[in-house]
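S.K.: Pasting in a structure now, in C-alpha coordinates, and then I'll have a few things to ask.
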Amino acid sequence: MPHTKNAKDQWENPTEKKDHPTDFTNTAKDFANTAKDMTKAAVDKVDSAVGTVGENISGFADTVRDKGPKEGILGSATKTVASGIERTGDYLDEKGVSGMATDVMSLCRSYPIATLLVGVGIGFLLARASSRS
(Lines give C-alpha, C1' and ligand atoms only; values in the text may rest on other atoms or scores of the structure.)
Protein backbone atom coordinates (compact mmCIF):
# COMPACT_ATOMS: atom_id res chain seq x y z
CA MET A 1 0.00 0.00 0.00
CA PRO A 2 2.29 2.74 -1.17
CA HIS A 3 -0.52 5.28 -1.28
CA THR A 4 -1.22 4.90 2.45
CA LYS A 5 2.45 5.15 3.33
CA ASN A 6 2.80 8.34 1.27
CA ALA A 7 -0.23 9.88 2.98
CA LYS A 8 1.18 8.87 6.36
CA ASP A 9 4.53 10.48 5.49
CA GLN A 10 2.77 13.68 4.42
CA TRP A 11 0.79 13.76 7.64
CA GLU A 12 3.85 13.23 9.83
CA ASN A 13 6.15 15.61 7.85
CA PRO A 14 3.94 18.44 6.55
CA THR A 15 6.87 20.79 5.93
CA GLU A 16 8.70 18.31 3.73
CA LYS A 17 8.68 19.14 -0.02
CA LYS A 18 6.06 17.20 -1.97
CA ASP A 19 5.76 16.36 -5.67
CA HIS A 20 3.36 19.32 -6.13
CA PRO A 21 4.22 21.85 -3.46
CA THR A 22 1.91 24.75 -2.80
CA ASP A 23 4.12 27.36 -1.20
CA PHE A 24 1.91 30.33 -0.41
CA THR A 25 4.55 31.97 1.79
CA ASN A 26 6.97 32.56 -1.07
CA THR A 27 4.17 33.70 -3.35
CA ALA A 28 2.99 36.21 -0.75
CA LYS A 29 6.55 37.46 -0.21
CA ASP A 30 7.07 37.82 -3.96
CA PHE A 31 3.80 39.73 -4.26
CA ALA A 32 4.73 42.00 -1.33
CA ASN A 33 8.16 42.70 -2.82
CA THR A 34 6.65 43.48 -6.22
CA ALA A 35 4.09 45.81 -4.65
CA LYS A 36 6.84 47.51 -2.64
CA ASP A 37 8.96 48.01 -5.77
CA MET A 38 6.01 49.39 -7.73
CA THR A 39 5.14 51.78 -4.89
CA LYS A 40 8.72 53.02 -4.68
CA ALA A 41 8.81 53.57 -8.46
CA ALA A 42 5.52 55.50 -8.31
CA VAL A 43 6.74 57.68 -5.43
CA ASP A 44 9.98 58.37 -7.30
CA LYS A 45 8.02 59.46 -10.38
CA VAL A 46 5.75 61.71 -8.31
CA ASP A 47 8.76 63.19 -6.50
CA SER A 48 10.35 63.93 -9.87
CA ALA A 49 7.15 65.58 -11.12
CA VAL A 50 6.83 67.63 -7.94
CA GLY A 51 10.46 68.69 -8.31
CA THR A 52 9.71 69.90 -11.83
CA VAL A 53 6.69 71.82 -10.54
CA GLY A 54 8.91 73.35 -7.86
CA GLU A 55 11.40 74.51 -10.48
CA ASN A 56 8.58 76.01 -12.57
CA ILE A 57 7.16 77.81 -9.54
CA SER A 58 10.60 79.25 -8.77
CA GLY A 59 10.76 80.47 -12.37
CA PHE A 60 7.35 82.07 -11.94
CA ALA A 61 8.69 83.94 -8.90
CA ASP A 62 11.38 85.46 -11.13
CA THR A 63 8.70 86.51 -13.62
CA VAL A 64 6.64 88.17 -10.86
CA ARG A 65 9.74 89.96 -9.65
CA ASP A 66 10.63 91.16 -13.18
CA LYS A 67 7.15 92.22 -14.32
CA GLY A 68 5.84 93.68 -11.06
CA PRO A 69 6.32 97.18 -9.74
CA LYS A 70 9.79 97.88 -8.35
CA GLU A 71 9.10 100.77 -5.97
CA GLY A 72 6.65 101.86 -3.34
CA ILE A 73 4.10 99.79 -1.49
CA LEU A 74 3.30 97.66 -4.55
CA GLY A 75 7.02 97.05 -5.11
CA SER A 76 7.37 95.84 -1.54
CA ALA A 77 4.30 93.60 -1.92
CA THR A 78 5.69 92.23 -5.20
CA LYS A 79 9.00 91.36 -3.56
CA THR A 80 7.22 89.66 -0.65
CA VAL A 81 4.94 87.64 -2.93
CA ALA A 82 7.81 86.65 -5.23
CA SER A 83 9.90 85.62 -2.23
CA GLY A 84 7.05 83.44 -0.90
CA ILE A 85 6.52 81.85 -4.31
CA GLU A 86 10.23 81.15 -4.62
CA ARG A 87 10.39 79.54 -1.14
CA THR A 88 7.42 77.36 -2.07
CA GLY A 89 9.12 76.25 -5.27
CA ASP A 90 12.37 75.51 -3.44
CA TYR A 91 10.50 73.51 -0.79
CA LEU A 92 8.73 71.40 -3.42
CA ASP A 93 11.95 70.90 -5.33
CA GLU A 94 13.96 69.85 -2.26
CA LYS A 95 11.44 67.83 -0.26
CA GLY A 96 9.19 66.15 -2.79
CA VAL A 97 6.13 64.17 -1.74
CA SER A 98 7.98 62.04 0.80
CA GLY A 99 9.37 65.06 2.60
CA MET A 100 6.00 66.79 2.60
CA ALA A 101 4.33 63.71 4.09
CA THR A 102 7.00 63.55 6.81
CA ASP A 103 6.55 67.25 7.58
CA VAL A 104 2.75 66.92 7.78
CA MET A 105 3.04 63.92 10.10
CA SER A 106 5.43 65.75 12.43
CA LEU A 107 3.12 68.78 12.41
CA CYS A 108 0.14 66.57 13.29
CA ARG A 109 2.11 64.97 16.13
CA SER A 110 3.18 68.36 17.44
CA TYR A 111 -0.35 69.80 17.42
CA PRO A 112 -2.84 66.92 17.83
CA ILE A 113 -5.79 69.00 19.06
CA ALA A 114 -5.43 71.54 16.26
CA THR A 115 -5.16 68.68 13.77
CA LEU A 116 -8.34 67.14 15.13
CA LEU A 117 -10.20 70.46 14.93
CA VAL A 118 -9.02 71.05 11.35
CA GLY A 119 -10.16 67.53 10.42
CA VAL A 120 -13.58 68.11 11.99
CA GLY A 121 -13.87 71.44 10.16
CA ILE A 122 -12.97 69.92 6.81
CA GLY A 123 -15.42 67.06 7.42
CA PHE A 124 -18.16 69.54 8.27
CA LEU A 125 -17.51 71.56 5.11
CA LEU A 126 -17.45 68.44 2.93
CA ALA A 127 -20.68 67.16 4.48
CA ARG A 128 -22.34 70.51 3.99
CA ALA A 129 -21.18 70.76 0.37
CA SER A 130 -22.36 67.23 -0.44
CA SER A 131 -25.77 67.75 1.19
CA ARG A 132 -26.46 70.80 -1.04
CA SER A 133 -25.72 68.94 -4.25
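Each chain of the C-alpha coordinates is named A, B, ... in the order shown, its residues numbered from 1; ligands are numbered from 1 in display order.
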With 7 Å as the cut-off and only C-alpha atoms counted, what is the closest atom pair between each nearby residue of stretch 42-61 of chain A and stretch 79-98 of chain A? Distances in Å to one decimal, ordered by chain and number, as a tab-separated table.

M.R.:
```
residue	atom	partner	partner_atom	distance
A:Asp47	CA	A:Gly96	CA	4.8
A:Val50	CA	A:Gly96	CA	5.9
A:Gly51	CA	A:Asp93	CA	4.0
A:Thr52	CA	A:Asp93	CA	6.9
A:Gly54	CA	A:Gly89	CA	3.9
A:Glu55	CA	A:Gly89	CA	5.9
A:Ile57	CA	A:Gly89	CA	4.9
A:Ser58	CA	A:Glu86	CA	4.6
A:Ala61	CA	A:Ala82	CA	4.6
```

S.K.: One decimal, Å: what's the distance from atom CA of A:Gly99 over to atom CA of A:Ser48, could you say?

M.R.: 12.6 Å

S.K.: How would you write, as a ChimeraX atom specification, the set of residues in stretch 15-65 of chain A that DSSP gives as helix (DSSP H, G or I)?

M.R.: /A:24-65

S.K.: For the atom pair atom CA of A:Asp66 and atom CA of A:Ala49, what is the interatomic distance in Å to one decimal place?

M.R.: 25.9 Å
